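What follows is the content of my_file-v8.tsv, which has TSV, C-alpha atoms:
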```
chain	number	residue	atom	x	y	z
H	1	MET	CA	2.81	16.45	29.59
H	2	SER	CA	1.79	13.53	31.75
H	3	CYS	CA	2.89	9.99	31.28
H	4	CYS	CA	0.65	7.28	29.87
H	5	SER	CA	-1.41	5.64	32.57
H	6	SER	CA	-2.07	2.28	30.89
H	7	VAL	CA	-2.11	0.57	27.54
H	8	SER	CA	-5.85	1.15	27.33
H	9	SER	CA	-5.02	4.81	26.69
H	10	PHE	CA	-2.25	6.63	24.85
H	11	SER	CA	-0.69	10.06	24.95
H	12	VAL	CA	0.15	12.04	21.85
H	13	PRO	CA	3.06	14.48	21.92
H	14	TRP	CA	3.07	17.25	19.32
H	15	ALA	CA	4.53	20.68	18.68
H	16	SER	CA	2.31	22.65	21.07
H	17	ALA	CA	3.19	20.29	23.95
H	18	ARG	CA	-0.46	19.45	24.52
H	19	SER	CA	-1.50	15.86	25.23
H	20	SER	CA	-4.56	13.82	24.40
H	21	ARG	CA	-6.01	10.57	25.72
H	22	PHE	CA	-8.47	8.14	24.22
H	23	ALA	CA	-9.92	5.07	25.92
H	24	PHE	CA	-9.74	1.77	24.04
H	25	SER	CA	-12.45	-0.84	24.39
H	26	SER	CA	-9.88	-3.58	24.98
H	27	SER	CA	-9.40	-5.08	28.42
H	28	PRO	CA	-6.72	-3.58	30.70
H	29	ARG	CA	-3.14	-4.68	30.23
H	30	PRO	CA	0.16	-4.05	32.05
H	31	ARG	CA	1.20	-0.41	32.21
H	32	ILE	CA	3.82	0.86	29.77
H	33	HIS	CA	6.64	3.34	29.92
H	34	CYS	CA	5.70	6.74	28.50
H	35	ALA	CA	7.90	8.74	26.15
H	36	LEU	CA	8.63	11.39	28.80
H	37	GLY	CA	9.70	9.05	31.57
H	38	GLY	CA	8.18	7.32	34.58
H	39	THR	CA	8.69	4.02	36.33
H	40	VAL	CA	5.98	1.69	35.17
H	41	ALA	CA	5.79	-1.94	34.18
H	42	GLU	CA	6.50	-2.64	30.53
H	43	PRO	CA	5.13	-5.34	28.22
H	44	LYS	CA	7.25	-7.89	26.42
H	45	VAL	CA	9.55	-6.06	24.02
H	46	THR	CA	9.97	-7.33	20.47
H	47	THR	CA	13.31	-7.83	18.79
H	48	ALA	CA	14.82	-4.49	17.87
H	49	ALA	CA	16.23	-5.91	14.65
H	50	GLU	CA	12.75	-6.41	13.22
H	51	PRO	CA	11.07	-3.36	11.68
H	52	LEU	CA	8.12	-2.01	13.65
H	53	LEU	CA	5.75	-2.55	10.71
H	54	LEU	CA	6.43	-6.29	10.60
H	55	ASN	CA	5.99	-6.66	14.35
H	56	ALA	CA	2.67	-4.83	14.22
H	57	VAL	CA	1.30	-6.95	11.39
H	58	ARG	CA	2.24	-10.14	13.22
H	59	GLY	CA	0.39	-9.02	16.33
H	60	GLU	CA	3.49	-8.39	18.42
H	61	ASP	CA	3.26	-5.91	21.29
H	62	VAL	CA	4.36	-2.57	19.81
H	63	GLU	CA	4.56	0.88	21.38
H	64	ARG	CA	2.69	2.64	18.56
H	65	PRO	CA	1.21	1.93	15.14
H	66	PRO	CA	3.79	2.00	12.33
H	67	VAL	CA	3.20	4.67	9.70
H	68	TRP	CA	3.89	5.14	6.01
H	69	LEU	CA	1.91	6.81	3.23
H	70	MET	CA	0.84	5.53	-0.16
H	71	ARG	CA	2.57	7.56	-2.89
H	72	GLN	CA	4.88	9.00	-0.25
H	73	ALA	CA	7.58	9.15	-2.93
H	74	GLY	CA	6.16	11.38	-5.61
H	75	ARG	CA	4.95	14.61	-7.06
H	76	TYR	CA	4.17	16.53	-3.87
H	77	MET	CA	7.89	16.59	-2.98
H	78	LYS	CA	10.06	19.36	-4.39
H	79	SER	CA	13.02	17.00	-4.60
H	80	TYR	CA	10.99	14.69	-6.84
H	81	GLN	CA	9.88	17.56	-9.06
H	82	ILE	CA	13.52	18.43	-9.65
H	83	ILE	CA	14.21	14.88	-10.84
H	84	CYS	CA	11.15	15.06	-13.12
H	85	GLU	CA	12.55	18.16	-14.78
H	86	LYS	CA	15.74	16.31	-15.63
H	87	TYR	CA	14.06	12.98	-16.47
H	88	PRO	CA	10.56	13.80	-17.82
H	89	SER	CA	9.69	10.21	-18.77
H	90	PHE	CA	7.99	8.30	-15.96
H	91	ARG	CA	9.21	5.01	-17.34
H	92	GLU	CA	12.78	6.23	-17.33
H	93	ARG	CA	12.43	7.30	-13.71
H	94	SER	CA	10.83	3.99	-12.71
H	95	GLU	CA	13.08	1.67	-14.72
H	96	ASN	CA	16.49	3.09	-13.86
H	97	VAL	CA	17.97	1.50	-10.74
H	98	ASP	CA	19.73	4.63	-9.50
H	99	LEU	CA	16.66	6.81	-9.98
H	100	VAL	CA	14.31	4.25	-8.41
H	101	VAL	CA	16.52	4.04	-5.33
H	102	GLU	CA	16.96	7.82	-5.08
H	103	ILE	CA	13.23	8.52	-5.40
H	104	SER	CA	12.23	5.70	-3.04
H	105	LEU	CA	14.59	7.09	-0.39
H	106	GLN	CA	13.50	10.75	-0.69
H	107	PRO	CA	10.67	10.49	1.88
H	108	TRP	CA	12.75	8.17	4.04
H	109	LYS	CA	15.50	10.77	4.35
H	110	VAL	CA	13.06	13.56	5.20
H	111	PHE	CA	10.30	11.88	7.25
H	112	GLU	CA	11.69	8.46	8.26
H	113	PRO	CA	8.44	6.51	7.77
H	114	ASP	CA	8.19	2.95	9.07
H	115	GLY	CA	7.73	1.65	5.53
H	116	VAL	CA	9.85	2.50	2.49
H	117	ILE	CA	7.97	1.52	-0.65
H	118	LEU	CA	9.59	0.87	-4.00
H	119	PHE	CA	9.07	3.64	-6.55
H	120	SER	CA	7.50	1.85	-9.49
H	121	ASP	CA	4.12	1.30	-11.15
H	122	ILE	CA	1.67	-1.59	-11.22
H	123	LEU	CA	1.97	-1.65	-15.03
H	124	THR	CA	5.75	-2.15	-14.98
H	125	PRO	CA	5.49	-5.92	-15.73
H	126	LEU	CA	3.42	-5.44	-18.89
H	127	SER	CA	6.34	-5.05	-21.29
H	128	GLY	CA	7.67	-8.37	-20.05
H	129	MET	CA	4.35	-9.96	-20.97
H	130	ASN	CA	4.35	-8.68	-24.56
H	131	ILE	CA	1.92	-5.84	-23.77
H	132	PRO	CA	3.49	-2.56	-24.98
H	133	PHE	CA	2.50	0.49	-22.95
H	134	ASP	CA	3.57	3.93	-21.83
H	135	ILE	CA	2.65	6.35	-19.07
H	136	VAL	CA	2.22	9.84	-20.51
H	137	LYS	CA	2.14	13.01	-18.43
H	138	GLY	CA	-1.36	14.44	-18.41
H	139	LYS	CA	-2.89	11.31	-19.94
H	140	GLY	CA	-1.83	8.46	-17.72
H	141	PRO	CA	-1.35	4.86	-18.89
H	142	ILE	CA	-1.70	4.09	-22.59
H	143	ILE	CA	-1.91	0.50	-23.84
H	144	PHE	CA	-0.86	0.56	-27.48
H	145	ASN	CA	-2.70	-2.64	-28.47
H	146	PRO	CA	-5.66	-3.23	-26.15
H	147	LEU	CA	-6.57	-6.87	-25.60
H	148	ARG	CA	-10.12	-7.64	-26.67
H	149	THR	CA	-10.12	-11.16	-28.19
H	150	ALA	CA	-8.93	-14.67	-27.43
H	151	ALA	CA	-6.21	-14.22	-30.07
H	152	ASP	CA	-4.99	-11.09	-28.26
H	153	VAL	CA	-4.80	-12.97	-24.96
H	154	ASP	CA	-2.89	-15.82	-26.60
H	155	LEU	CA	-0.11	-13.34	-27.42
H	156	VAL	CA	0.44	-12.52	-23.73
H	157	THR	CA	3.67	-14.23	-22.68
H	158	GLU	CA	4.93	-15.68	-19.43
H	159	PHE	CA	6.39	-13.06	-17.11
H	160	VAL	CA	9.93	-13.77	-15.90
H	161	PRO	CA	10.78	-10.92	-13.50
H	162	GLY	CA	14.52	-11.53	-13.36
H	163	ASP	CA	14.74	-11.21	-17.13
H	164	SER	CA	12.12	-8.52	-17.74
H	165	VAL	CA	12.49	-6.17	-14.75
H	166	PRO	CA	15.92	-6.83	-13.21
H	167	TYR	CA	16.08	-3.20	-12.12
H	168	VAL	CA	13.25	-3.89	-9.66
H	169	GLY	CA	15.20	-6.62	-7.94
H	170	GLU	CA	18.40	-4.58	-7.92
H	171	ALA	CA	16.63	-1.55	-6.47
H	172	LEU	CA	14.98	-3.58	-3.71
H	173	THR	CA	18.31	-5.14	-2.75
H	174	ILE	CA	19.91	-1.70	-2.48
H	175	LEU	CA	16.97	-0.27	-0.55
H	176	ARG	CA	17.14	-3.12	1.94
H	177	LYS	CA	20.80	-2.31	2.61
H	178	GLU	CA	20.21	1.46	2.77
H	179	VAL	CA	17.27	1.27	5.14
H	180	ASP	CA	19.02	-1.39	7.23
H	181	ASN	CA	15.89	-2.66	9.01
H	182	LYS	CA	15.14	0.75	10.49
H	183	ALA	CA	11.96	0.48	8.42
H	184	ALA	CA	10.34	-2.24	6.34
H	185	VAL	CA	11.04	-2.23	2.61
H	186	LEU	CA	7.78	-2.64	0.71
H	187	GLY	CA	7.19	-3.94	-2.77
H	188	PHE	CA	3.92	-3.92	-4.64
H	189	VAL	CA	2.02	-5.39	-7.58
H	190	GLY	CA	-1.24	-4.86	-9.39
H	191	ALA	CA	-4.07	-7.35	-8.95
H	192	PRO	CA	-5.25	-9.37	-11.96
H	193	PHE	CA	-8.59	-7.64	-12.48
H	194	THR	CA	-7.07	-4.17	-12.20
H	195	LEU	CA	-4.30	-5.03	-14.67
H	196	ALA	CA	-6.86	-6.58	-17.01
H	197	SER	CA	-8.94	-3.42	-16.78
H	198	TYR	CA	-6.08	-1.31	-18.07
H	199	VAL	CA	-5.11	-3.61	-20.91
H	200	VAL	CA	-8.67	-4.23	-22.09
H	201	GLU	CA	-9.82	-0.63	-21.77
H	202	GLY	CA	-6.59	0.65	-23.33
H	203	GLY	CA	-5.82	2.84	-20.32
H	204	SER	CA	-7.79	4.49	-17.55
H	205	SER	CA	-11.58	4.38	-17.71
H	206	LYS	CA	-14.63	5.96	-16.11
H	207	HIS	CA	-17.27	3.35	-16.83
H	208	PHE	CA	-15.26	0.18	-17.61
H	209	THR	CA	-17.62	-0.74	-20.42
H	210	LYS	CA	-15.04	-2.66	-22.45
H	211	ILE	CA	-13.86	-5.01	-19.72
H	212	LYS	CA	-17.39	-5.50	-18.42
H	213	GLY	CA	-18.55	-6.17	-21.95
H	214	LEU	CA	-15.85	-8.83	-22.25
H	215	ALA	CA	-16.69	-10.26	-18.82
H	216	PHE	CA	-20.39	-10.52	-19.55
H	217	SER	CA	-20.22	-11.66	-23.17
H	218	GLU	CA	-17.01	-13.71	-23.41
H	219	PRO	CA	-16.06	-14.59	-19.84
H	220	LYS	CA	-13.72	-17.39	-20.93
H	221	VAL	CA	-11.50	-14.87	-22.69
H	222	LEU	CA	-11.30	-12.67	-19.62
H	223	HIS	CA	-10.67	-15.63	-17.32
H	224	ALA	CA	-7.76	-16.70	-19.53
H	225	LEU	CA	-6.25	-13.23	-19.22
H	226	LEU	CA	-6.85	-13.08	-15.47
H	227	GLN	CA	-5.15	-16.46	-15.05
H	228	LYS	CA	-2.05	-15.23	-16.86
H	229	PHE	CA	-1.92	-12.17	-14.62
H	230	SER	CA	-2.49	-14.26	-11.50
H	231	THR	CA	0.40	-16.60	-12.28
H	232	SER	CA	2.65	-13.70	-13.24
H	233	MET	CA	1.90	-11.54	-10.19
H	234	ALA	CA	2.54	-14.44	-7.83
H	235	LYS	CA	5.95	-14.82	-9.45
H	236	TYR	CA	6.51	-11.08	-9.24
H	237	ILE	CA	5.77	-10.99	-5.50
H	238	GLN	CA	8.10	-13.93	-4.92
H	239	TYR	CA	10.81	-12.19	-6.92
H	240	GLN	CA	10.39	-9.00	-4.94
H	241	ALA	CA	10.58	-10.89	-1.65
H	242	GLU	CA	13.71	-12.72	-2.74
H	243	SER	CA	15.24	-9.39	-3.75
H	244	GLY	CA	14.66	-7.74	-0.39
H	245	ALA	CA	11.01	-6.72	0.00
H	246	GLN	CA	9.82	-7.42	3.54
H	247	ALA	CA	6.13	-6.93	2.75
H	248	VAL	CA	4.21	-6.53	-0.49
H	249	GLN	CA	1.04	-4.56	-1.18
H	250	ILE	CA	-1.43	-5.75	-3.83
H	251	PHE	CA	-3.40	-2.96	-5.48
H	252	ASP	CA	-6.82	-3.97	-6.79
H	253	SER	CA	-7.82	-0.42	-7.57
H	254	TRP	CA	-10.64	-1.22	-9.99
H	255	ALA	CA	-12.11	-4.35	-8.43
H	256	THR	CA	-14.60	-2.20	-6.60
H	257	GLU	CA	-16.16	-1.33	-9.94
H	258	LEU	CA	-17.55	-4.85	-9.80
H	259	SER	CA	-20.74	-5.88	-8.03
H	260	PRO	CA	-20.16	-8.33	-5.17
H	261	VAL	CA	-21.26	-11.31	-7.28
H	262	ASP	CA	-18.93	-10.30	-10.12
H	263	PHE	CA	-16.08	-9.63	-7.69
H	264	GLU	CA	-16.48	-13.22	-6.53
H	265	GLU	CA	-16.03	-14.45	-10.09
H	266	PHE	CA	-13.50	-12.10	-11.66
H	267	SER	CA	-11.31	-10.92	-8.79
H	268	LEU	CA	-11.53	-12.96	-5.60
H	269	PRO	CA	-10.41	-16.35	-7.02
H	270	TYR	CA	-7.32	-14.84	-8.61
H	271	LEU	CA	-6.36	-12.91	-5.50
H	272	LYS	CA	-6.67	-16.16	-3.55
H	273	GLN	CA	-4.44	-17.91	-6.08
H	274	ILE	CA	-1.75	-15.28	-5.65
H	275	VAL	CA	-1.87	-15.38	-1.86
H	276	ASP	CA	-1.83	-19.19	-1.78
H	277	ALA	CA	1.12	-19.39	-4.19
H	278	VAL	CA	3.15	-16.80	-2.27
H	279	LYS	CA	2.39	-18.31	1.13
H	280	ARG	CA	3.67	-21.68	-0.08
H	281	THR	CA	7.10	-20.22	-0.78
H	282	HIS	CA	7.18	-17.22	1.59
H	283	PRO	CA	4.82	-18.05	4.48
H	284	ASN	CA	6.07	-15.19	6.65
H	285	LEU	CA	5.84	-12.44	4.03
H	286	PRO	CA	3.07	-9.99	4.99
H	287	LEU	CA	0.68	-9.32	2.13
H	288	ILE	CA	-1.41	-6.14	2.13
H	289	LEU	CA	-4.49	-5.71	-0.06
H	290	TYR	CA	-5.79	-2.30	-1.05
H	291	ALA	CA	-8.91	-1.59	-3.10
H	292	SER	CA	-10.29	1.94	-3.17
H	293	GLY	CA	-14.01	2.29	-2.50
H	294	SER	CA	-14.10	-1.14	-0.92
H	295	GLY	CA	-16.74	-0.57	1.75
H	296	GLY	CA	-19.17	-2.96	0.09
H	297	LEU	CA	-16.55	-5.70	-0.26
H	298	LEU	CA	-14.63	-5.67	3.03
H	299	GLU	CA	-15.61	-9.13	4.19
H	300	ARG	CA	-14.79	-10.53	0.76
H	301	LEU	CA	-11.36	-8.88	0.78
H	302	ALA	CA	-10.54	-10.74	3.97
H	303	LEU	CA	-11.41	-14.03	2.26
H	304	THR	CA	-8.36	-13.66	0.02
H	305	GLY	CA	-6.10	-14.74	2.87
H	306	VAL	CA	-3.99	-11.56	2.98
H	307	ASP	CA	-2.46	-10.44	6.26
H	308	VAL	CA	-3.60	-6.82	6.04
H	309	VAL	CA	-6.61	-5.12	4.49
H	310	SER	CA	-6.00	-1.46	3.70
H	311	LEU	CA	-9.15	0.62	4.18
H	312	ASP	CA	-9.97	3.69	2.16
H	313	TRP	CA	-11.25	6.79	3.94
H	314	THR	CA	-14.92	6.19	3.08
H	315	VAL	CA	-15.02	3.38	5.64
H	316	ASP	CA	-15.17	4.26	9.33
H	317	MET	CA	-12.11	2.64	10.90
H	318	ALA	CA	-14.02	1.27	13.89
H	319	GLU	CA	-16.68	-0.21	11.64
H	320	GLY	CA	-14.04	-1.65	9.30
H	321	ARG	CA	-12.23	-3.25	12.21
H	322	ARG	CA	-15.48	-4.75	13.48
H	323	ARG	CA	-16.42	-6.13	10.07
H	324	LEU	CA	-13.00	-7.64	9.41
H	325	GLY	CA	-12.46	-9.06	12.89
H	326	GLN	CA	-9.41	-8.97	15.13
H	327	ASP	CA	-7.45	-11.73	13.38
H	328	ILE	CA	-6.55	-9.60	10.37
H	329	ALA	CA	-4.48	-6.43	10.49
H	330	VAL	CA	-5.79	-3.17	9.05
H	331	GLN	CA	-4.10	-0.26	7.32
H	332	GLY	CA	-5.22	3.31	6.83
H	333	ASN	CA	-7.30	5.24	6.61
H	334	VAL	CA	-6.99	9.02	6.91
H	335	ASP	CA	-8.58	11.00	4.07
H	336	PRO	CA	-5.73	12.37	1.89
H	337	GLY	CA	-7.62	15.66	1.84
H	338	VAL	CA	-6.98	16.02	5.56
H	339	LEU	CA	-3.38	16.92	4.68
H	340	PHE	CA	-4.69	20.16	3.20
H	341	GLY	CA	-6.17	21.09	6.58
H	342	SER	CA	-4.72	22.82	9.62
H	343	LYS	CA	-2.11	21.07	11.71
H	344	GLU	CA	-4.58	20.82	14.58
H	345	PHE	CA	-7.13	19.15	12.30
H	346	ILE	CA	-4.50	16.71	11.00
H	347	THR	CA	-3.55	15.84	14.58
H	348	ASN	CA	-7.15	15.28	15.62
H	349	ARG	CA	-7.88	13.05	12.64
H	350	ILE	CA	-4.80	10.92	13.28
H	351	ASN	CA	-5.86	10.50	16.91
H	352	ASP	CA	-9.40	9.56	15.89
H	353	THR	CA	-8.19	6.96	13.39
H	354	VAL	CA	-5.76	5.32	15.81
H	355	ARG	CA	-8.32	5.30	18.61
H	356	LYS	CA	-10.88	3.57	16.39
H	357	ALA	CA	-8.33	1.04	15.11
H	358	GLY	CA	-7.52	-0.04	18.65
H	359	ARG	CA	-4.27	-1.38	19.98
H	360	GLY	CA	-2.08	-3.44	17.64
H	361	LYS	CA	-2.40	-4.90	14.16
H	362	HIS	CA	-2.80	-1.44	12.67
H	363	ILE	CA	-0.61	0.37	10.14
H	364	LEU	CA	-1.39	4.08	10.07
H	365	ASN	CA	-1.68	5.33	6.50
H	366	LEU	CA	-3.90	7.37	4.25
H	367	GLY	CA	-7.03	5.92	2.68
H	368	HIS	CA	-5.51	6.58	-0.76
H	369	GLY	CA	-2.29	7.98	-2.18
H	370	ILE	CA	-1.03	11.47	-1.37
H	371	VAL	CA	-2.65	14.06	-3.62
H	372	VAL	CA	-0.51	16.25	-5.88
H	373	GLY	CA	-0.09	19.66	-4.28
H	374	THR	CA	-0.16	18.40	-0.70
H	375	PRO	CA	1.99	20.78	1.44
H	376	GLU	CA	5.20	19.04	2.45
H	377	GLU	CA	5.09	20.68	5.85
H	378	ASN	CA	1.74	19.01	6.51
H	379	VAL	CA	3.18	15.64	5.55
H	380	ALA	CA	6.02	16.32	7.97
H	381	HIS	CA	3.48	17.13	10.68
H	382	PHE	CA	1.57	13.93	9.95
H	383	PHE	CA	4.68	11.85	10.49
H	384	GLU	CA	5.74	13.85	13.56
H	385	VAL	CA	2.41	13.29	15.28
H	386	ALA	CA	2.16	9.66	14.16
H	387	LYS	CA	5.63	8.77	15.41
H	388	GLY	CA	4.92	10.50	18.72
H	389	LEU	CA	1.95	8.26	19.48
H	390	ARG	CA	2.21	5.80	22.35
H	391	TYR	CA	-0.33	3.12	23.17
```
Before we go any further, please render this structure as structure tokens.
Amino acid sequence: MSCCSSVSSFSVPWASARSSRFAFSSSPRPRIHCALGGTVAEPKVTTAAEPLLLNAVRGEDVERPPVWLMRQAGRYMKSYQIICEKYPSFRERSENVDLVVEISLQPWKVFEPDGVILFSDILTPLSGMNIPFDIVKGKGPIIFNPLRTAADVDLVTEFVPGDSVPYVGEALTILRKEVDNKAAVLGFVGAPFTLASYVVEGGSSKHFTKIKGLAFSEPKVLHALLQKFSTSMAKYIQYQAESGAQAVQIFDSWATELSPVDFEEFSLPYLKQIVDAVKRTHPNLPLILYASGSGGLLERLALTGVDVVSLDWTVDMAEGRRRLGQDIAVQGNVDPGVLFGSKEFITNRINDTVRKAGRGKHILNLGHGIVVGTPEENVAHFFEVAKGLRY
């Protein structure tokens, strides 16, 4: 396999020892050292102590895009299934420090991704806000007392992470020590509108009629709830950062159920509040925003002030990069279904995604979480190819 000729192309080692090159549209830069040797000029090297993911987000010169996968710790792994047999309750698995650490580290020990994300759920803070809930196998989230009135919202209490979810902070601290900067430790939270959707609907929903009915008939009630979630999630991100998280992803899974004009009223202002509050206390903490089905809202997602916008697979990466501009980093966006394909197809799709993303400010990921039933050997191949990339 030949060495890379310049940073405007990259070579991709994989099992069959073939190589592939793709031209970038960026202007030529100094030549770099290829994985298989060769005496060529190298660019400025970043500090080895910093995880690759953080360097990439900050626009540092990196040798390849960092890679991790949403839901990389979860049901597709046999080791996780064994834990589920012993501890069938999701809340027990996600609220026990030892189990959270063990599950979070399972993909790290097998695949060594560049990001190790906390095993948890976006609904974890609800109990600490006086919103009883459970996550039931086969049914998903269940909110025992859905919030539909101003009186219901008044009962929602201030979220104090250290008191309500101390296991999250303890787990992040342990993960930071275990991973030892060989990868970035990631935390995450739910966005206000997505959390509100769950607690107003009473769980998952197909048409979101209850929260839209509240938004369009009693907007003041919904805004009061969104404000409580905004304040609480800002505190939660700060708590996670202080406990060891080196980046935090915000999931606004259901915001894309809103029209653009309604997104601007019921989601965007609260996302901005969170980002502004966190940046005041943790200006160097990378914040990633993910919203599935976000093709119609990309430019608005960038207005939140986050450092990274995570694209789902329905958006062409090159088009997404163009629409967002070069100042913001992107994440994604391979279709999770690709992992059910052949190894050659997986390789080709990774190459296509990285080529379209261009050099730097790109975190390779899926466009959604890993699907249950995904072959572990295909996940292993994904990471092998991704970590073999060289700009």
Quiz prompt | Exercise: region 258-273 of chain H partners within 6 Å, all atoms listed in the file, chain neighbours under 6 positions left out, as a list in words | solution =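 These residues fall inside the cut-off: Phe193, Ser230 and Thr304 of chain H.
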Quiz item: Got a sec: who's within 9 Å of Gly128 (chain H), counting only C-alpha atoms, leaving out chain neighbours fewer than 4 positions off, as a list in words?
Solution: Thr124, Pro132, Thr157, Glu158, Phe159, Val160, Pro161, Asp163, Ser164 and Val165 of chain H
Quiz prompt | Between CA of Asp98 (chain H) and CA of Ile143 (chain H) - distance in Å to one decimal | solution =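 These atoms are spaced 26.3 Å apart.
If you look at CA of Thr281 (chain H) and CA of Val189 (chain H), they are 17.1 Å away from each other.
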Neighbour list for region 360-362 of chain H as an mmCIF file with C-alpha atoms, in the frame of the given file, cut-off 7 Å, all atoms listed in the file, skip fewer than 4 positions in-chain:
```
data_model
loop_
_atom_site.group_PDB
_atom_site.id
_atom_site.type_symbol
_atom_site.label_atom_id
_atom_site.label_comp_id
_atom_site.auth_asym_id
_atom_site.auth_seq_id
_atom_site.Cartn_x
_atom_site.Cartn_y
_atom_site.Cartn_z
ATOM 1 C CA ALA H 56 2.670 -4.830 14.220
ATOM 2 C CA VAL H 57 1.300 -6.950 11.390
ATOM 3 C CA GLY H 59 0.390 -9.020 16.330
ATOM 4 C CA ASP H 61 3.260 -5.910 21.290
ATOM 5 C CA VAL H 62 4.360 -2.570 19.810
ATOM 6 C CA PRO H 65 1.210 1.930 15.140
ATOM 7 C CA ALA H 329 -4.480 -6.430 10.490
ATOM 8 C CA VAL H 330 -5.790 -3.170 9.050
ATOM 9 C CA GLN H 331 -4.100 -0.260 7.320
#
```
Around the point (-16.9, -9.1, -18.2), in the coordinates given by the file, pick out the residues reaching within 12 Å, counting all atoms listed in the file, and return them as a short mmCIF file (atom, residue, chain, number, x, y, z; two decimals) with C-alpha atoms, keeping the file's coordinate frame.
```cif
data_model
loop_
_atom_site.label_atom_id
_atom_site.label_comp_id
_atom_site.auth_asym_id
_atom_site.auth_seq_id
_atom_site.Cartn_x
_atom_site.Cartn_y
_atom_site.Cartn_z
CA ARG H 148 -10.12 -7.64 -26.67
CA PHE H 193 -8.59 -7.64 -12.48
CA ALA H 196 -6.86 -6.58 -17.01
CA SER H 197 -8.94 -3.42 -16.78
CA VAL H 200 -8.67 -4.23 -22.09
CA GLU H 201 -9.82 -0.63 -21.77
CA PHE H 208 -15.26 0.18 -17.61
CA THR H 209 -17.62 -0.74 -20.42
CA LYS H 210 -15.04 -2.66 -22.45
CA ILE H 211 -13.86 -5.01 -19.72
CA LYS H 212 -17.39 -5.50 -18.42
CA GLY H 213 -18.55 -6.17 -21.95
CA LEU H 214 -15.85 -8.83 -22.25
CA ALA H 215 -16.69 -10.26 -18.82
CA PHE H 216 -20.39 -10.52 -19.55
CA SER H 217 -20.22 -11.66 -23.17
CA GLU H 218 -17.01 -13.71 -23.41
CA PRO H 219 -16.06 -14.59 -19.84
CA LYS H 220 -13.72 -17.39 -20.93
CA VAL H 221 -11.50 -14.87 -22.69
CA LEU H 222 -11.30 -12.67 -19.62
CA HIS H 223 -10.67 -15.63 -17.32
CA ALA H 224 -7.76 -16.70 -19.53
CA LEU H 225 -6.25 -13.23 -19.22
CA LEU H 226 -6.85 -13.08 -15.47
CA ALA H 255 -12.11 -4.35 -8.43
CA GLU H 257 -16.16 -1.33 -9.94
CA LEU H 258 -17.55 -4.85 -9.80
CA SER H 259 -20.74 -5.88 -8.03
CA VAL H 261 -21.26 -11.31 -7.28
CA ASP H 262 -18.93 -10.30 -10.12
CA PHE H 263 -16.08 -9.63 -7.69
CA GLU H 265 -16.03 -14.45 -10.09
CA PHE H 266 -13.50 -12.10 -11.66
CA SER H 267 -11.31 -10.92 -8.79
#
```
Quiz item: Of the candidates H:Pro192, H:Gly202, H:Pro107, H:Gly244, which shows the shortest atom-to-atom distance to Ala171 (chain H), using only C-alpha atoms?
Solution: H:Gly244
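Put simply, CA of Thr173 (chain H) is 16.0 Å away from CA of Leu285 (chain H).
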